[in-house]
Amino acid sequence: MKRARGVVSPFLLVLVLIGMVMVGSGWAQAKPELTVALSSFSTEVLDPALGGHIVKYYLSLMFDYLVGTTPDGQPSRDGGLANRWENSSDYKRWTFHLRKGVKFHTGDDVTSEDVKFSLQRAIGKRSTTGYAGPLRTLIQDIETPAPDRVVIVTKEPTLIIPTYLSRSLSTEGMVLPKKYIEANGDDVFARKPVGSGPYKFVEQVTGSHIRLAAMDSHWRIGTSKHKSILFRLVPEETTRIALLRRGEVDVADVSRERVRELEREGFPVHFRRDEAILSMWWVLGPDGRTPPTKDKRVREAMNLALDRAEIAAAIFAGKADPAAVPLGLSWSFKDVGFKVTPEMAYPYDPARAKKLLADAGLASGFNLDVYAYQLPGLPEGKALAEAVAGYWEKIGIKTRLIPVDYPAFRKLWVDRQIPGAVGYYNIANRDWIGAYALLEKMAYSPSKPNDTANDPEIDGMIAQVMRQTDKEKINALMRNIFSRLRNEHSGVPVVYLHSPYATSKTLGKWNPGTVMYDLFIDQLVSGK
Amino acid sequence: MLRFIGARLLQSLVALAIISVVVFVLARTTGDPLYLILPMSATQEDFANARQYLGLDRPYVEQYLSFVGRAVIGDFGTSLRARRPVSELIRERLPNSLKLAAFAMGVSLAMAFPLGVMAAVRKGTGLDRAAQIISVLGQSLPTFWVAILLVEFVAGRLQWLPAAGLEGFSSYVLPGFTLGWFVVAGLMRLLRSSMLEVLDSEYVKLARVKGVVEHRVIWLHALKNALIPVVTFAGIYFAILVTTAIVVETVFAWPGLGRLAYEGISSRDFPVIQAVVLTTAAIVAVVNLCVDCLYAFIDPRIRYAR
Amino acid sequence: MLAEPGALALPEVAAAADPASRGRRLPVFSLGIIGLFMLVAVLAPILSPADPFEQSLRNRFKPPVWEEGGSWKFPLGTDRLGRDMLSRIIWGSRVSLAAGVLTVLLASAFGAAVGLAAGYYGGRVDAALMRMTDATMSFPVILLALILAVTVGPSFTNVVVAIAVILWARYARVIRGQVLTLMQLDFVAQARIAGAGAWRIITRHLLPNTLGTLLVLVTLQIGYVIIVEASLSFLGAGIPPPTPAWGSMIAEGRDVVTRAWWVSLFPGLAILLVVLAFNLLGDWLRDTFDPKLRQL
């Protein structure tokens, strides 16, 4: 007995220590800090011009845009530095009037010089923003006739300037401090960014978190309800949910699979409905489409082989709706008057699919490579690829699943080394200008490696949109483009994804909005 | 003694040099980071510009020499993804990895000691077996599974402990336990056999004959002697813990070196990949060097072995 | 790593370590489990009730037969794509065991060769080989596997190669230590005097005496490899879908840990049993063959 006691006592000591630790550990405490847990920060670069595929969750809090938007993505005079703007009659001169009294976090005033500087920087050589290209070709000059007026002169008449410089697309419209950047250099700016937004930068630990502190009062949100905001990078789903349960985070993006469980426990779940369209496409060869997908019947067959309703229910836990138009960004449909008719929806018809294949001379099937990868916001990526491959197997296509990560696939796609192979992406939904910008990237042949359509008719229509200033004509063109994409079966539209964001029970009202890569957190913290 | 240390130091440097070449080549085979940095609409000219600006168009030999030359003074270049100096990133993350590894080591020892001693003292009985199985269990379960189960149940449902992050002592417990359980078996085994050796030794037999209380015999004399090999192996395991924590760091959102390496590899961020591999190799080398010196100090025969 | 202290320990200290362990009963539990799973792996085509690749989304997440909603059609339930768990676990034993065994065989063969050469020749050869070994041991296994997965895509071959390429160094170190001890003994000197060449000495005299150690290491490492494969699957660098491998099955089920607990639990139990068995067997082998190896 004495022997045993001697052995057991240190064990007990350890247990007691652990117990003390647990008692002393933090359970839910009220916080003046709003905490947002995300599964991915994308590139985590804080310089708006350097991010490439950038998320704006924290950037739109640190910086102001030239043109603001409503949570619905419509240009708004209330959300941006420009409280009004007008165009010349030939649509080649756009004048923006800046609101007065806005200051950067350093105390300097925001003037037209800063706007000009920011824009030039955004379309400069070092910039890697998504829409710098079109802006670069369009913009001829930027004039600053007064400290509160900026005039953008374009080479061709165009309607797109205000939207391209707004919050609804990417970061080209963000206004940066000219004096601060010129004095300290780009490197310092990337590590200690300064803007004019309602929150200023406090600290960043890459791979961990970004912390922002509220300015005392801001024209966008008044006096904020939360003194600081913490964005935490938590890659593992189970951990994010555990943090939510412990009350350590207020907002977390969650997978569709877990929504029911959280709703049952009483956590409010906000959906960004139709946040993205999950669209698949066939990689083009160096000269365009290759057999067998060159044959329209094969493309149609592959579309008919999928049971989209079952995919939505099984893979996406019901938080998705079948899609009918390849690259069909539905938030733009209302803008341009496009209606998805019942005939457009692909039925689940494997029998007819097999018949079409036979008509095309491929009754014995053919080989198909399906690339399988996860994507941010799409944890179901590989499962989707497997499921879709399964459906195609049932109509006789011999599929091969190729697991790579997305960067590797993207290289093969863009270099056109894998003609006929299938890839996919969860393309963020957007308004008509955003949709046009996307189509110009993914359905437009001229020197665009990401083209997936290879369709001269669509090329012609897209080229016209850019130069068109009559909205009615633009709408007609866009409608025709969507129709043609559907009729030519230019891709495989799978589903529209609803993205769930779970919040703590005490958070209050929040509309996460329908703007690409932005969560409209200013709404959550607004003191107005 | 100094000659020994000098010789070992040289050996470590040679090993590091070999690793630097290997990782330089490997990093560049992962692909082209520009596809991630540049937007979808980038043209060939944009690619050429970026390549030149980032120094990726220089000949490989030049790139390697520049990499090694600066690495020696601690400059690992700029991260292609985060656009910040890599040494800064390492400075942010390395302490976290070290702290977690140290805590895990502590947990491991805290578990291995009672288990090892109990197994030795109760050799051959059910308790011995049970101790063995508990230790080996830590090596028989996939780390990520243990981690996720702990997060889901202990942190999420029971809410006894934090699920992620670095807020204070309690947040070390779950990740530290997950990481530490993996090496408990080795330490426990060592302790057990060391204890058995000592318990059988002449010194202990004599003490028993003299009538010294069993309890004190075990604790005072046996443990002291069993400590030496354990301490040296703890050092080696520490190095292992620092370098294999990537899974634990992912699940517990712990910003350490492992996670940095993962992000670097995913984004084909050459400078980061190179820096992390070299840093972890250097840590392993330093720890091994210390352990070898300690051993050589204790056992002079080893100094003269080839 | 470090100069193995065991290599220089005097024999009598070692023998006194654990006299009662010699002649211990055979580890029935371990051998039984390993035998069972080996049998299952070999007989997979016969034992498996269904095709492990056949998916049917309609039948997703069906619970095991003893739960409400379960059926004998899927005794252990189904996964996210409606595939039968029992079949996948049976076929998965093939994949996971093959990965473990192949990797370890490759690593031990190469590592033993290096260790024997280094120990026998000594001098420059030894120094060069040991520097390579040091460098290899300091390279983290998981990072190498990730890099390979990202470069050429994850696959069964990549997992085996990535792990074996780092693992051999362990064997080299230990075997070299053993050889150093053996070289001090008389019989090697005698063989030399008798005119035996290097090859003969290595294969006839040195290698057989290291087989015991090799066996211990091999047994212990099979379990380790299976665990590493599971971690790689979690990170996306393991054996890719749709191939059934226990590690990736657990990883796939991690988001439904409470809702569809059977998707992770059963493959997890399989790994636990097999790896535990290998580890316990390795322990027993070590204690029986050579207690000096306590640092393994």
# chains A, B, ... in the order shown; residues from 1 in each chain; ligands from 1
>>> closest_atom_pairs(of="chain B", to="chain A", cutoff="8 Å", atoms="only C-alpha atoms", output="tab-separated table")
residue	atom	partner	partner_atom	distance
B:Gly31	CA	A:Ala408	CA	7.2
B:Tyr35	CA	A:Pro407	CA	6.8
B:Leu36	CA	A:Pro407	CA	6.6
B:Ile37	CA	A:Gly52	CA	5.4
B:Leu38	CA	A:Thr128	CA	5.3
B:Pro39	CA	A:Gly52	CA	5.0
B:Met40	CA	A:Gly130	CA	7.0
B:Ser41	CA	A:Lys441	CA	6.4
B:Ala42	CA	A:Gly133	CA	7.6
B:Asp46	CA	A:Lys125	CA	7.8
B:Asn49	CA	A:Lys125	CA	7.8
B:Ala50	CA	A:Arg126	CA	7.5
B:Arg81	CA	A:Thr43	CA	6.2
B:Ala82	CA	A:Val45	CA	5.3
B:Arg83	CA	A:Val45	CA	6.9
B:Arg84	CA	A:Arg191	CA	7.2
B:Leu89	CA	A:Thr206	CA	7.2
B:Glu92	CA	A:Val205	CA	7.0
B:Ala110	CA	A:Val14	CA	7.0
B:Met111	CA	A:Phe11	CA	7.8
B:Pro114	CA	A:Phe11	CA	6.0
B:Val117	CA	A:Val7	CA	7.0
B:Met118	CA	A:Val7	CA	6.2
B:Ile148	CA	A:Thr238	CA	6.7
B:Val151	CA	A:Thr239	CA	6.1
B:Glu152	CA	A:Thr238	CA	6.1
B:Ala155	CA	A:Ala242	CA	6.1
B:Gly156	CA	A:Ala242	CA	3.9
B:Arg157	CA	A:Ala242	CA	7.4
B:Gln159	CA	A:Arg246	CA	6.2
B:Trp160	CA	A:Met22	CA	5.9
B:Leu161	CA	A:Met22	CA	6.2
B:Pro162	CA	A:Gly26	CA	7.4
B:Ala163	CA	A:Thr239	CA	6.0
B:Ala164	CA	A:Thr239	CA	6.9
B:Phe169	CA	A:Val21	CA	7.6
B:Ser170	CA	A:Ser25	CA	5.6
B:Glu214	CA	A:Arg3	CA	7.1
B:His215	CA	A:Arg3	CA	5.7
B:Thr250	CA	A:Pro235	CA	6.5
B:Val251	CA	A:Glu236	CA	5.3
B:Phe252	CA	A:Thr239	CA	6.7
B:Ala253	CA	A:Val234	CA	5.1
B:Trp254	CA	A:Ser208	CA	7.4
B:Pro255	CA	A:Ser208	CA	5.5
B:Arg259	CA	A:Gly207	CA	7.5
B:Leu260	CA	A:Gly207	CA	7.1
B:Ser266	CA	A:Asp405	CA	7.9
B:Ser267	CA	A:Pro407	CA	7.7
>>> residues_around(residues="Arg80 of chain C", least_positions_apart="5", cutoff="10 Å", atoms="only C-alpha atoms", output="short mmCIF file (atom, residue, chain, number, x, y, z; two decimals) with N, CA and C atoms, in the first residue's frame")
data_model
loop_
_atom_site.label_atom_id
_atom_site.label_comp_id
_atom_site.auth_asym_id
_atom_site.auth_seq_id
_atom_site.Cartn_x
_atom_site.Cartn_y
_atom_site.Cartn_z
N ALA A 314 -27.52 16.03 -51.35
CA ALA A 314 -26.55 15.12 -50.75
C ALA A 314 -25.22 15.78 -50.45
N ILE A 315 -24.65 16.45 -51.43
CA ILE A 315 -23.32 17.00 -51.23
C ILE A 315 -23.37 18.31 -50.47
N ALA A 383 -15.55 15.85 -52.90
CA ALA A 383 -16.75 15.00 -52.88
C ALA A 383 -17.59 15.30 -54.11
N ALA A 387 -18.68 12.69 -56.97
CA ALA A 387 -20.09 12.43 -57.26
C ALA A 387 -20.39 12.61 -58.74
N GLN C 55 -21.03 4.34 -55.64
CA GLN C 55 -21.68 5.39 -54.88
C GLN C 55 -23.15 5.51 -55.25
N SER C 56 -23.94 5.91 -54.28
CA SER C 56 -25.35 6.14 -54.51
C SER C 56 -25.78 7.21 -53.54
N LEU C 57 -25.87 8.43 -54.05
CA LEU C 57 -26.11 9.57 -53.17
C LEU C 57 -27.37 9.41 -52.33
N ARG C 58 -28.31 8.67 -52.85
CA ARG C 58 -29.56 8.49 -52.14
C ARG C 58 -29.32 7.79 -50.80
N ASN C 59 -28.29 6.93 -50.76
CA ASN C 59 -28.04 6.15 -49.54
C ASN C 59 -26.98 6.75 -48.64
N ARG C 60 -26.75 8.05 -48.79
CA ARG C 60 -25.66 8.64 -48.02
C ARG C 60 -25.97 8.64 -46.53
N PHE C 61 -24.86 8.52 -45.74
CA PHE C 61 -24.94 8.61 -44.29
C PHE C 61 -25.97 7.68 -43.68
N LYS C 62 -26.07 6.48 -44.21
CA LYS C 62 -26.96 5.52 -43.56
C LYS C 62 -26.23 4.99 -42.33
N GLU C 252 -12.15 12.17 -44.20
CA GLU C 252 -13.38 12.54 -44.89
C GLU C 252 -14.54 12.69 -43.92
N GLY C 253 -14.49 11.92 -42.84
CA GLY C 253 -15.62 11.95 -41.93
C GLY C 253 -15.51 12.95 -40.82
N VAL C 256 -18.45 15.33 -39.84
CA VAL C 256 -19.71 14.79 -39.35
C VAL C 256 -19.45 13.92 -38.14
N ALA C 260 -22.61 11.76 -38.13
CA ALA C 260 -22.44 10.45 -38.76
C ALA C 260 -21.16 9.84 -38.21
N VAL C 263 -18.66 7.13 -39.80
CA VAL C 263 -17.77 7.33 -40.94
C VAL C 263 -16.31 7.44 -40.49
#
>>> closest_atom_pairs(of="chain B", to="chain C", cutoff="8 Å", atoms="only C-alpha atoms", output="CSV")
residue,atom,partner,partner_atom,distance
B:Gln11,CA,C:Arg131,CA,6.7
B:Ser12,CA,C:Asp134,CA,7.7
B:Val14,CA,C:Arg131,CA,6.9
B:Ala15,CA,C:Ala135,CA,4.5
B:Leu16,CA,C:Ala135,CA,6.5
B:Ile18,CA,C:Ala135,CA,6.5
B:Ile19,CA,C:Ala135,CA,5.9
B:Leu26,CA,C:Ile147,CA,7.3
B:Ala27,CA,C:Ile147,CA,7.5
B:Thr29,CA,C:Thr151,CA,6.3
B:Thr30,CA,C:Thr151,CA,4.4
B:Gly31,CA,C:Thr151,CA,6.6
B:Val136,CA,C:Leu276,CA,6.8
B:Leu137,CA,C:Leu276,CA,6.7
B:Gln139,CA,C:Tyr224,CA,7.5
B:Ser140,CA,C:Val275,CA,5.2
B:Leu141,CA,C:Leu272,CA,5.6
B:Pro142,CA,C:Ile227,CA,5.3
B:Thr143,CA,C:Ser231,CA,6.9
B:Phe144,CA,C:Ser231,CA,6.5
B:Trp145,CA,C:Ile250,CA,7.5
B:Ile148,CA,C:Arg254,CA,7.5
B:Leu149,CA,C:Val257,CA,7.8
B:Gly186,CA,C:Gln295,CA,7.4
B:Arg189,CA,C:Arg294,CA,7.1
B:Leu190,CA,C:Arg294,CA,6.3
B:Ser193,CA,C:Ala17,CA,6.8
B:Leu196,CA,C:Ala17,CA,6.3
B:Glu197,CA,C:Ala17,CA,4.9
B:Asp200,CA,C:Ala16,CA,7.6
B:Thr243,CA,C:Pro140,CA,6.2
B:Thr244,CA,C:Pro140,CA,6.9
B:Val247,CA,C:Ser231,CA,7.0
B:Ala261,CA,C:Leu143,CA,7.3
B:Tyr262,CA,C:Leu143,CA,7.6
B:Ile265,CA,C:Ile147,CA,6.4
B:Ser266,CA,C:Val150,CA,7.3
B:Val277,CA,C:Phe139,CA,6.9
B:Thr280,CA,C:Ser138,CA,7.4
B:Ala281,CA,C:Ser138,CA,4.9
B:Val284,CA,C:Ser138,CA,6.1
B:Ala285,CA,C:Ser138,CA,7.3
B:Asn288,CA,C:Met1,CA,6.4
B:Val291,CA,C:Leu2,CA,7.6
B:Asp292,CA,C:Leu2,CA,5.7
B:Ile302,CA,C:Ala3,CA,7.1
>>> closest_residue(among="A:Val404, A:Ile462, A:Leu375, A:Ile160", to="chain C", atoms="only C-alpha atoms")
A:Val404
>>> closest_atom_pairs(of="segment 76-115 of chain A", to="segment 151-155 of chain A", cutoff="9 Å", atoms="only C-alpha atoms", output="CSV")
residue,atom,partner,partner_atom,distance
A:Tyr91,CA,A:Thr154,CA,8.3
A:Lys92,CA,A:Thr154,CA,5.0
A:Arg93,CA,A:Val153,CA,4.6
A:Trp94,CA,A:Ile152,CA,5.1
A:Thr95,CA,A:Val151,CA,4.3
A:Phe96,CA,A:Val151,CA,6.3
A:His97,CA,A:Val151,CA,9.0
>>> residues_around(residues="Trp181 of chain B", least_positions_apart="2", cutoff="12 Å", atoms="only C-alpha atoms", output="number ranges by chain")
B: 101, 103-112, 134-143, 146-147, 173-179, 183-188, 237, 241, 248
>>> write_last_selection(atoms="N, CA and C atoms", output="CSV table (one decimal), in the first residue's frame")
chain,number,residue,atom,x,y,z
B,101,ALA,N,5.9,23.0,-28.1
B,101,ALA,CA,6.7,21.8,-27.9
B,101,ALA,C,7.2,21.6,-26.5
B,103,PHE,N,5.7,22.7,-23.8
B,103,PHE,CA,4.5,22.3,-23.0
B,103,PHE,C,4.2,20.8,-23.2
B,104,ALA,N,4.2,20.4,-24.5
B,104,ALA,CA,3.9,19.0,-24.9
B,104,ALA,C,4.9,18.1,-24.2
B,105,MET,N,6.2,18.5,-24.2
B,105,MET,CA,7.2,17.8,-23.5
B,105,MET,C,6.9,17.6,-22.0
B,106,GLY,N,6.4,18.7,-21.5
B,106,GLY,CA,6.0,18.7,-20.0
B,106,GLY,C,4.9,17.7,-19.8
B,107,VAL,N,3.9,17.8,-20.6
B,107,VAL,CA,2.8,16.8,-20.5
B,107,VAL,C,3.3,15.4,-20.7
B,108,SER,N,4.1,15.2,-21.6
B,108,SER,CA,4.6,13.9,-21.9
B,108,SER,C,5.4,13.3,-20.7
B,109,LEU,N,6.2,14.1,-20.2
B,109,LEU,CA,7.0,13.7,-19.0
B,109,LEU,C,6.0,13.4,-17.8
B,110,ALA,N,5.1,14.3,-17.7
B,110,ALA,CA,4.1,14.2,-16.6
B,110,ALA,C,3.3,12.9,-16.7
B,111,MET,N,3.1,12.4,-17.9
B,111,MET,CA,2.4,11.2,-18.1
B,111,MET,C,3.4,10.0,-18.0
B,112,ALA,N,4.6,10.2,-18.6
B,112,ALA,CA,5.5,9.1,-18.7
B,112,ALA,C,6.1,8.7,-17.3
B,134,ILE,N,-1.6,2.3,-22.3
B,134,ILE,CA,-1.9,3.7,-22.3
B,134,ILE,C,-0.9,4.5,-23.1
B,135,SER,N,0.4,4.1,-22.8
B,135,SER,CA,1.5,4.9,-23.5
B,135,SER,C,1.4,4.6,-25.0
B,136,VAL,N,1.3,3.4,-25.4
B,136,VAL,CA,1.4,3.0,-26.8
B,136,VAL,C,0.2,3.6,-27.5
B,137,LEU,N,-0.9,3.7,-26.8
B,137,LEU,CA,-2.1,4.2,-27.4
B,137,LEU,C,-1.9,5.6,-28.1
B,138,GLY,N,-1.0,6.4,-27.5
B,138,GLY,CA,-0.7,7.7,-28.0
B,138,GLY,C,-0.1,7.6,-29.4
B,139,GLN,N,0.6,6.5,-29.7
B,139,GLN,CA,1.2,6.4,-31.0
B,139,GLN,C,0.3,5.6,-32.0
B,140,SER,N,-0.8,5.2,-31.5
B,140,SER,CA,-1.6,4.3,-32.3
B,140,SER,C,-2.9,5.0,-32.8
B,141,LEU,N,-3.0,6.2,-32.5
B,141,LEU,CA,-4.2,7.0,-33.0
B,141,LEU,C,-3.7,8.1,-33.9
B,142,PRO,N,-4.3,8.3,-35.0
B,142,PRO,CA,-3.9,9.5,-35.8
B,142,PRO,C,-4.1,10.8,-35.1
B,143,THR,N,-3.1,11.6,-35.1
B,143,THR,CA,-3.1,12.8,-34.3
B,143,THR,C,-4.2,13.7,-34.6
B,146,VAL,N,-7.5,12.5,-32.8
B,146,VAL,CA,-7.5,12.8,-31.4
B,146,VAL,C,-7.8,14.3,-31.2
B,147,ALA,N,-7.1,15.2,-32.0
B,147,ALA,CA,-7.2,16.6,-31.9
B,147,ALA,C,-8.7,17.0,-32.1
B,173,VAL,N,-3.2,23.4,-23.2
B,173,VAL,CA,-3.5,22.1,-22.6
B,173,VAL,C,-3.9,21.1,-23.7
B,174,LEU,N,-4.9,21.4,-24.5
B,174,LEU,CA,-5.4,20.4,-25.5
B,174,LEU,C,-4.3,20.2,-26.6
B,175,PRO,N,-3.8,21.2,-27.2
B,175,PRO,CA,-2.8,20.9,-28.2
B,175,PRO,C,-1.6,20.3,-27.6
B,176,GLY,N,-1.2,20.7,-26.4
B,176,GLY,CA,0.0,20.1,-25.8
B,176,GLY,C,-0.2,18.7,-25.5
B,177,PHE,N,-1.4,18.3,-25.0
B,177,PHE,CA,-1.7,16.9,-24.7
B,177,PHE,C,-1.6,16.1,-26.0
B,178,THR,N,-2.3,16.6,-27.0
B,178,THR,CA,-2.4,15.9,-28.3
B,178,THR,C,-1.0,15.6,-28.8
B,179,LEU,N,-0.2,16.6,-28.8
B,179,LEU,CA,1.2,16.5,-29.3
B,179,LEU,C,2.0,15.6,-28.4
B,183,VAL,N,4.7,11.0,-27.9
B,183,VAL,CA,6.0,10.5,-27.5
B,183,VAL,C,6.0,9.9,-26.1
B,184,VAL,N,4.9,9.8,-25.5
B,184,VAL,CA,4.9,9.2,-24.1
B,184,VAL,C,5.4,7.8,-24.1
B,185,ALA,N,5.1,7.0,-25.2
B,185,ALA,CA,5.5,5.6,-25.2
B,185,ALA,C,7.0,5.5,-25.0
B,186,GLY,N,7.7,6.3,-25.9
B,186,GLY,CA,9.2,6.2,-25.9
B,186,GLY,C,9.8,6.5,-24.5
B,187,LEU,N,9.3,7.6,-23.9
B,187,LEU,CA,9.8,8.0,-22.6
B,187,LEU,C,9.5,7.0,-21.5
B,188,MET,N,8.2,6.6,-21.6
B,188,MET,CA,7.8,5.6,-20.5
B,188,MET,C,8.6,4.4,-20.6
B,237,TYR,N,13.2,14.2,-28.6
B,237,TYR,CA,11.8,14.2,-28.8
B,237,TYR,C,11.3,15.6,-28.9
B,241,LEU,N,9.0,17.1,-31.8
B,241,LEU,CA,7.7,17.8,-31.6
B,241,LEU,C,7.7,19.1,-32.3
B,248,VAL,N,-1.4,19.4,-35.5
B,248,VAL,CA,-1.9,20.0,-34.3
B,248,VAL,C,-2.1,21.5,-34.5
>>> select_by_dssp(residues="segment 43-288 of chain C", states="helix (DSSP H, G or I)", output="PyMOL selection string")
chain C and resi 44-47+57-59+85-121+123-137+141-152+156-184+186-193+198-235+246-252+254-256+262-288
>>> closest_residue(among="A:Gly365, A:Pro446, A:Pro500, A:Pro48", to="Thr171 of chain A", atoms="only C-alpha atoms")
A:Pro48
>>> atom_distance(atom1="atom CA of Tyr120 of chain C", atom2="atom CA of Val179 of chain C")
6.9 Å
>>> residues_around(residues="Arg308 of chain A", least_positions_apart="2", cutoff="8 Å", atoms="only C-alpha atoms", output="count of residues only")
9
>>> residues_around(residues="Ala252 of chain A", least_positions_apart="5", cutoff="7 Å", atoms="only C-alpha atoms", output="MDAnalysis selection string")
chainID A and resid 36:38 240 501:503
>>> write_last_selection(atoms="C-alpha atoms", output="PDB file, in the first residue's frame")
ATOM      1  CA  VAL A  36     -14.844  36.877 -36.711  1.00  0.00           C
ATOM      2  CA  ALA A  37     -13.465  33.408 -37.382  1.00  0.00           C
ATOM      3  CA  LEU A  38     -12.801  32.535 -41.011  1.00  0.00           C
ATOM      4  CA  ARG A 240     -14.517  27.214 -35.466  1.00  0.00           C
ATOM      5  CA  TYR A 501     -22.417  32.255 -41.488  1.00  0.00           C
ATOM      6  CA  ALA A 502     -23.231  31.344 -37.914  1.00  0.00           C
ATOM      7  CA  THR A 503     -23.317  34.029 -35.285  1.00  0.00           C
TER       8      THR A 503
END
>>> residues_around(residues="Asn96 of chain B", least_positions_apart="3", cutoff="10 Å", atoms="only C-alpha atoms", output="list in words")
Ile90, Arg91, Glu92, Arg93, Lys99, Leu100, Ala101, Ala102, Leu166, Val242, Glu249, Trp254, Pro255, Gly256 and Leu257 of chain B
>>> residues_around(residues="Leu211 of chain C", least_positions_apart="2", cutoff="12 Å", atoms="only C-alpha atoms", output="MDAnalysis selection string")
chainID C and resid 108:109 112 116 171 174:175 178:179 203:209 213:218 285:286 289:290
>>> write_last_selection(atoms="C-alpha atoms", output="compact mmCIF listing (two decimals), in the first residue's frame")
# COMPACT_ATOMS: atom_id res chain seq x y z
CA SER C 108 14.87 -0.87 -44.18
CA ALA C 109 16.53 -2.41 -47.21
CA ALA C 112 20.45 -1.40 -43.66
CA LEU C 116 26.34 -1.96 -43.07
CA TYR C 171 17.75 2.20 -39.99
CA VAL C 174 20.93 1.94 -35.78
CA ILE C 175 22.44 -0.73 -37.99
CA GLN C 178 25.28 -2.44 -34.26
CA VAL C 179 27.92 -3.09 -36.90
CA THR C 203 26.41 -10.80 -45.81
CA ARG C 204 27.59 -13.84 -43.92
CA HIS C 205 28.69 -12.40 -40.62
CA LEU C 206 27.37 -8.91 -40.07
CA LEU C 207 23.92 -8.94 -41.61
CA PRO C 208 22.60 -12.03 -39.84
CA ASN C 209 23.52 -10.52 -36.50
CA THR C 213 17.29 -5.36 -34.61
CA LEU C 214 15.93 -4.95 -38.10
CA LEU C 215 12.93 -7.03 -37.28
CA VAL C 216 12.18 -4.95 -34.20
CA LEU C 217 12.49 -1.69 -36.10
CA VAL C 218 10.45 -2.90 -39.03
CA LEU C 285 10.28 -8.47 -30.03
CA ARG C 286 12.59 -5.89 -28.65
CA PHE C 289 15.74 -10.08 -28.81
CA ASP C 290 17.78 -7.31 -27.41
>>> select_by_dssp(residues="segment 198-380 of chain A", states="strand (DSSP E)", output="MDAnalysis selection string")
chainID A and resid 199:205 209:214 228:233 251:253 269:282 320:322 367:372
>>> closest_residue(among="C:Met85, C:Ala198, C:Ala237, C:Val165", to="chain A", atoms="only C-alpha atoms")
C:Ala237
>>> closest_residue(among="C:Gly35, C:Ala50, C:Thr219, C:Phe156", to="Val95 of chain C", atoms="only C-alpha atoms")
C:Phe156
>>> closest_atom_pairs(of="segment 285-372 of chain A", to="segment 259-271 of chain A", cutoff="12 Å", atoms="only C-alpha atoms", output="Markdown table")
| residue | atom | partner | partner_atom | distance |
| --- | --- | --- | --- | --- |
| A:Phe316 | CA | A:Val259 | CA | 10.6 |
| A:Ala317 | CA | A:Val259 | CA | 8.6 |
| A:Gly318 | CA | A:Val259 | CA | 10.2 |
| A:Lys319 | CA | A:Val259 | CA | 9.0 |
| A:Ala320 | CA | A:Phe271 | CA | 10.9 |
>>> write_last_selection(atoms="C-alpha atoms", output="mmCIF file, in the first residue's frame")
data_model
loop_
_atom_site.group_PDB
_atom_site.id
_atom_site.type_symbol
_atom_site.label_atom_id
_atom_site.label_comp_id
_atom_site.auth_asym_id
_atom_site.auth_seq_id
_atom_site.Cartn_x
_atom_site.Cartn_y
_atom_site.Cartn_z
ATOM 1 C CA PHE A 316 -24.440 20.432 -50.132
ATOM 2 C CA ALA A 317 -26.844 19.438 -47.401
ATOM 3 C CA GLY A 318 -29.699 21.056 -49.264
ATOM 4 C CA LYS A 319 -28.099 24.489 -49.088
ATOM 5 C CA ALA A 320 -27.858 24.835 -52.829
#
>>> atom_distance(atom1="atom CA of Arg352 of chain A", atom2="atom CA of Val492 of chain A")
16.5 Å
>>> decode(residues="segment 254-259 of chain B", atoms="N, CA and C atoms", output="mmCIF file, in the first residue's frame")
data_model
loop_
_atom_site.group_PDB
_atom_site.id
_atom_site.type_symbol
_atom_site.label_atom_id
_atom_site.label_comp_id
_atom_site.auth_asym_id
_atom_site.auth_seq_id
_atom_site.Cartn_x
_atom_site.Cartn_y
_atom_site.Cartn_z
ATOM 1 N N TRP B 254 -3.077 27.107 -34.247
ATOM 2 C CA TRP B 254 -1.899 27.543 -33.512
ATOM 3 C C TRP B 254 -0.893 28.077 -34.527
ATOM 4 N N PRO B 255 -0.572 29.378 -34.479
ATOM 5 C CA PRO B 255 0.310 29.940 -35.509
ATOM 6 C C PRO B 255 1.768 29.584 -35.276
ATOM 7 N N GLY B 256 2.157 28.409 -35.769
ATOM 8 C CA GLY B 256 3.517 27.965 -35.572
ATOM 9 C C GLY B 256 4.217 27.713 -36.899
ATOM 10 N N LEU B 257 5.398 27.110 -36.817
ATOM 11 C CA LEU B 257 6.196 26.867 -38.013
ATOM 12 C C LEU B 257 5.544 25.861 -38.947
ATOM 13 N N GLY B 258 4.930 24.848 -38.387
ATOM 14 C CA GLY B 258 4.330 23.803 -39.213
ATOM 15 C C GLY B 258 3.299 24.392 -40.149
ATOM 16 N N ARG B 259 2.424 25.215 -39.606
ATOM 17 C CA ARG B 259 1.384 25.838 -40.391
ATOM 18 C C ARG B 259 2.000 26.789 -41.425
#
